[in-house]
Amino acid sequence: MGQTYEFPFSLSHTMRKVLSQAMIALALFALVVAPVMAAPNRSGKQTLVIAIGNDIQNTDVQQIDGTNIVHALIYNRLMQFNLEQTEILPDTLQSYTLAPDGKSLTLVLPKDAKFSNGTVLDANMLQKSIERYRKMSRFSYDLSPITAIQVKDPQTLVLTLEKSSPAMMMALASTLCAPVDTNIANKVSKEEFGQNAISNGLYKLSSWEQGSQIVLTKNPNFKTNFPFVANKGPAKIDKVICRIIPENFTQVSEIEAGNVDILLDVAVSDLPSLEKNPDVKIYEFVSPGIVMLEMNRLKAPFDDINVRRAIACALDRNEMAKAFPGVFVPRYGFLAPSQLCYDAATEAKLKERLEFNQAKAREYLAKAGWKDTNGDGIVDKDGKPFHAVLIVNNLKSFSPILQEQLKRVGMDIEIKQYDGSYILQMLRGSQYDLCYNNFEWQDPAILYTMFVNKKFRPWDNADIEKKLNEARTMMDQKARTKMYSEIQSLMVDELPTIPLFSGIGHFIIRKEVKGLKIGESGEIVFNDMYKE
Amino acid sequence: MNSDMLDYVAKRLFMGLLIVITVSILLFIFMQMMPGDPIQIISSPRVPIERIQELKQMWGLDKPLHIQYFFWLRNILKGDLGTSITTGQKVSRLIMARLPYTLMLSGLAMLCRYIIAIPMGLIAAIKKGSKLDNGFILTNLFLWSTPPQWLAMILIIIFGITLKVLPISGYNGLRSMVLPVATMVIPSIAMSFGLTRSDVIDALNEKFVLTAYAKGLPKKRVMIFHVLRNSLIPITVMFFLSLPWHIGGSVLIERIFALPGMGMLFWKAISQQDYPVVQGVVLIITILTAISNIIGDILSATLDPRIRLE
């Protein structure tokens, strides 16, 4: 014990030798190997690299729950909203006509419409594609107003409708309803078609390395009738690589290093550094949806309308938005400007009713019997202090500000963090006090799903339910907007939930990328895109 | 391989099978205890309740737990890991596409870790108490306490953005593995270094080492055949036992460096409660763990005949 041992390899000499060899190796690495190992710039003039956070479910839009940029590139919609989101225009279609009574919709395809594999896209193929959607898609009910589909001639398809439905038009204008080559889909298994679906988009799938990247090459058969693009034919850029990069830091590093051209879903915390980068441009858009504060109306104290009104008046949305600049736009109605039937005048009126006003909030609380009797700053009723739990899945949001604002009027709110799926279950099972909920969809018919669907919220206002149902099928845009204004006003009377914000989304695009058009709700139109 | 060894391997394989079945049952129960279900989680608010119920029936999620497990086990015995609820793809296809990346990352990280840590530990033990030993200890202490996320960021900034000599993310050949492997290896060297150092110090104080010196054996021979061979036994076992640890650790690294490995698949499958994928991945990890343990045990016995295969 306590013995010391002499190093058996004459350390000093060996170490010197090792060190000198290491230095030589390092120098060699720096001079020869490192440049060879340098990451090639995969983003040449004819290749566009887009970073996305999540892999796609699969490539067949009729099998999946949501689409992303990959689907938007490999599918071309039948029709599409204009950039201002005010009108639906033909895209793959040459034209479409809705009968004045709203009982039939005629879709006319151009004579030269083709899928990416060269198969002719005629009325027969479109009929089969729509039928497959109605049979297979999770959103098949979108097309439930269709009672019959008739091929009138090789280019014309007539959809007979039970009743008119703007929601159906919205679905037809989405990527989910874009045509798929059913000849191929019927020949192979569902799984195989999901791996390589054939459609008519600007690009076609070349390879899909799961979890890594999706390589798309331009579709030589592509044609569009969308009036807002100059290039109606195949894409100007040969190849698009959609790289799956889940981590925000890595995404930003890649765009800064010049390996990525377009970044979607940027974290707000990364914006300040990107703003300083002269090589990139930041595009901003407001999401077509609302973030709301849900209150469990089946439980006290939220079963009392005065408590719900007190919360609505106690919230200073501007203070929250200022704390997170560029993240939210305060909202007082249930529709966002990038949604159909949004009316600024209606929102202004609702703002007056939901404006931040602490005195009013205290008044409402007093009306509900909640008063601070012991002077501890927290209101109480029947000897019990006001206490509620707000469940969140992200503590880094505005929740602590909301908590503080409610405390200022005497409401003690405890914040608890849970996994998103658990919150969803608690929300759907009405096992909560307060939580956030949100939706995103361009058509206001989503309000029916959100407020009448018992999955989300027990609703007991027959008048609002009836109006929401009626509004779903109104084809006159003016009358429909008026109806939704009325509905929103009635909803603010009831306050089943409090509208808080619309989220602001950001795209980061390198300056070499030109010709992109971005719609109000963040839709990117790639047809005229090129790289300098 | 003698009959003792064969018996031992057979016993261990049987134990491994029992572990796999036990883990799969426990996992099935735990997954069911989790709130929500995959259909609810992935369904957009626009999907009606009736359609959600239809999908649950289609996937057999409306059936009792033991029936679901029975179907899963029956399919496994047929070699079918099932179909992912969220992507509609075969689980075996998903895993096979990801497994090579995870094995490559974990394998390279393990190799690099031991290639660096063992000589360091050996030198530190031999030069115990010296400046070099203290330097190694301090360096390893620093590396051990380095958060991998922070280290990954630093490496990305230096080698990916500033020097532009290494790819930042994705897999595009072996060089794409340099930063992820470095991020995994650097903090973990300390553990293997510490283990090697203490084992070598213990071995140096053993009587057989004194005897070897007394017999006049050259120092080099004593170090390699007496000290290192004995010290390597726990290190070898640790090497194989650390495979599952590395696979687990790869989740974070794969996410940061956007590597399409099994860790990312597992993480996503858990968050979406995609039972077939979670079960499939855990099955593979459990099998790999069982195999690693068996290899570790056999190698220990080979290195030290005193260890009986019992």
# chains A, B, ... in the order shown; residues from 1 in each chain; ligands from 1
>>> interface_residues(of="chain B", to="chain A", cutoff="6 Å", atoms="only C-alpha atoms", output="PDB file with C-alpha atoms, in the first residue's frame")
ATOM      1  CA  PRO B  35     -54.256   9.783 -20.153  1.00  0.00           C
ATOM      2  CA  GLY B  36     -55.852  10.076 -23.576  1.00  0.00           C
ATOM      3  CA  VAL B  47     -62.780  15.242 -36.705  1.00  0.00           C
ATOM      4  CA  THR B  87     -48.524   7.084 -39.743  1.00  0.00           C
ATOM      5  CA  GLN B  89     -46.841   2.369 -41.682  1.00  0.00           C
ATOM      6  CA  ILE B 161     -21.315  28.005 -38.254  1.00  0.00           C
ATOM      7  CA  VAL B 165     -15.988  22.314 -41.380  1.00  0.00           C
ATOM      8  CA  LEU B 166     -18.651  19.907 -40.162  1.00  0.00           C
ATOM      9  CA  PRO B 167     -22.328  19.402 -40.961  1.00  0.00           C
ATOM     10  CA  LYS B 219       6.763  -3.735 -16.095  1.00  0.00           C
ATOM     11  CA  LYS B 220       5.080  -3.539 -19.472  1.00  0.00           C
ATOM     12  CA  ILE B 256     -30.503  18.335 -31.476  1.00  0.00           C
ATOM     13  CA  ALA B 258     -31.760  16.006 -36.419  1.00  0.00           C
ATOM     14  CA  PRO B 260     -33.250  10.104 -38.023  1.00  0.00           C
TER      15      PRO B 260
END
>>> select_by_dssp(residues="stretch 340-475 of chain A", states="helix (DSSP H, G or I)", output="VMD selection string")
chain A and resid 344 to 354 358 to 367 399 to 408 420 to 428 446 to 451 462 to 472
>>> select_by_dssp(residues="stretch 56-283 of chain A", states="strand (DSSP E or B)", output="ChimeraX atom specification")
/A:79-81,88-90,95-98,104-108,114,120,146-153,156-161,203-209,213-218,239-244,262-263,280-283
>>> residues_around(residues="B:Ser242", least_positions_apart="5", cutoff="9 Å", atoms="only C-alpha atoms", output="list in words")
Met110, Val237, Ile247, Thr289 and Ser292 of chain B
>>> write_last_selection(atoms="N, CA and C atoms", output="PDB file, in the first residue's frame")
ATOM      1  N   MET B 110     -19.763   4.775 -27.882  1.00  0.00           N
ATOM      2  CA  MET B 110     -19.197   3.834 -26.896  1.00  0.00           C
ATOM      3  C   MET B 110     -17.732   3.567 -27.179  1.00  0.00           C
ATOM      4  N   VAL B 237     -17.856  -5.270 -18.593  1.00  0.00           N
ATOM      5  CA  VAL B 237     -19.269  -5.436 -18.247  1.00  0.00           C
ATOM      6  C   VAL B 237     -19.991  -4.105 -18.435  1.00  0.00           C
ATOM      7  N   ILE B 247     -28.419   4.244 -25.967  1.00  0.00           N
ATOM      8  CA  ILE B 247     -29.594   4.365 -26.846  1.00  0.00           C
ATOM      9  C   ILE B 247     -30.574   5.365 -26.227  1.00  0.00           C
ATOM     10  N   THR B 289     -30.588  -5.114 -24.984  1.00  0.00           N
ATOM     11  CA  THR B 289     -30.062  -5.094 -23.621  1.00  0.00           C
ATOM     12  C   THR B 289     -29.750  -6.513 -23.161  1.00  0.00           C
ATOM     13  N   SER B 292     -26.685  -7.710 -24.920  1.00  0.00           N
ATOM     14  CA  SER B 292     -25.492  -7.025 -24.388  1.00  0.00           C
ATOM     15  C   SER B 292     -25.085  -7.633 -23.057  1.00  0.00           C
TER      16      SER B 292
END
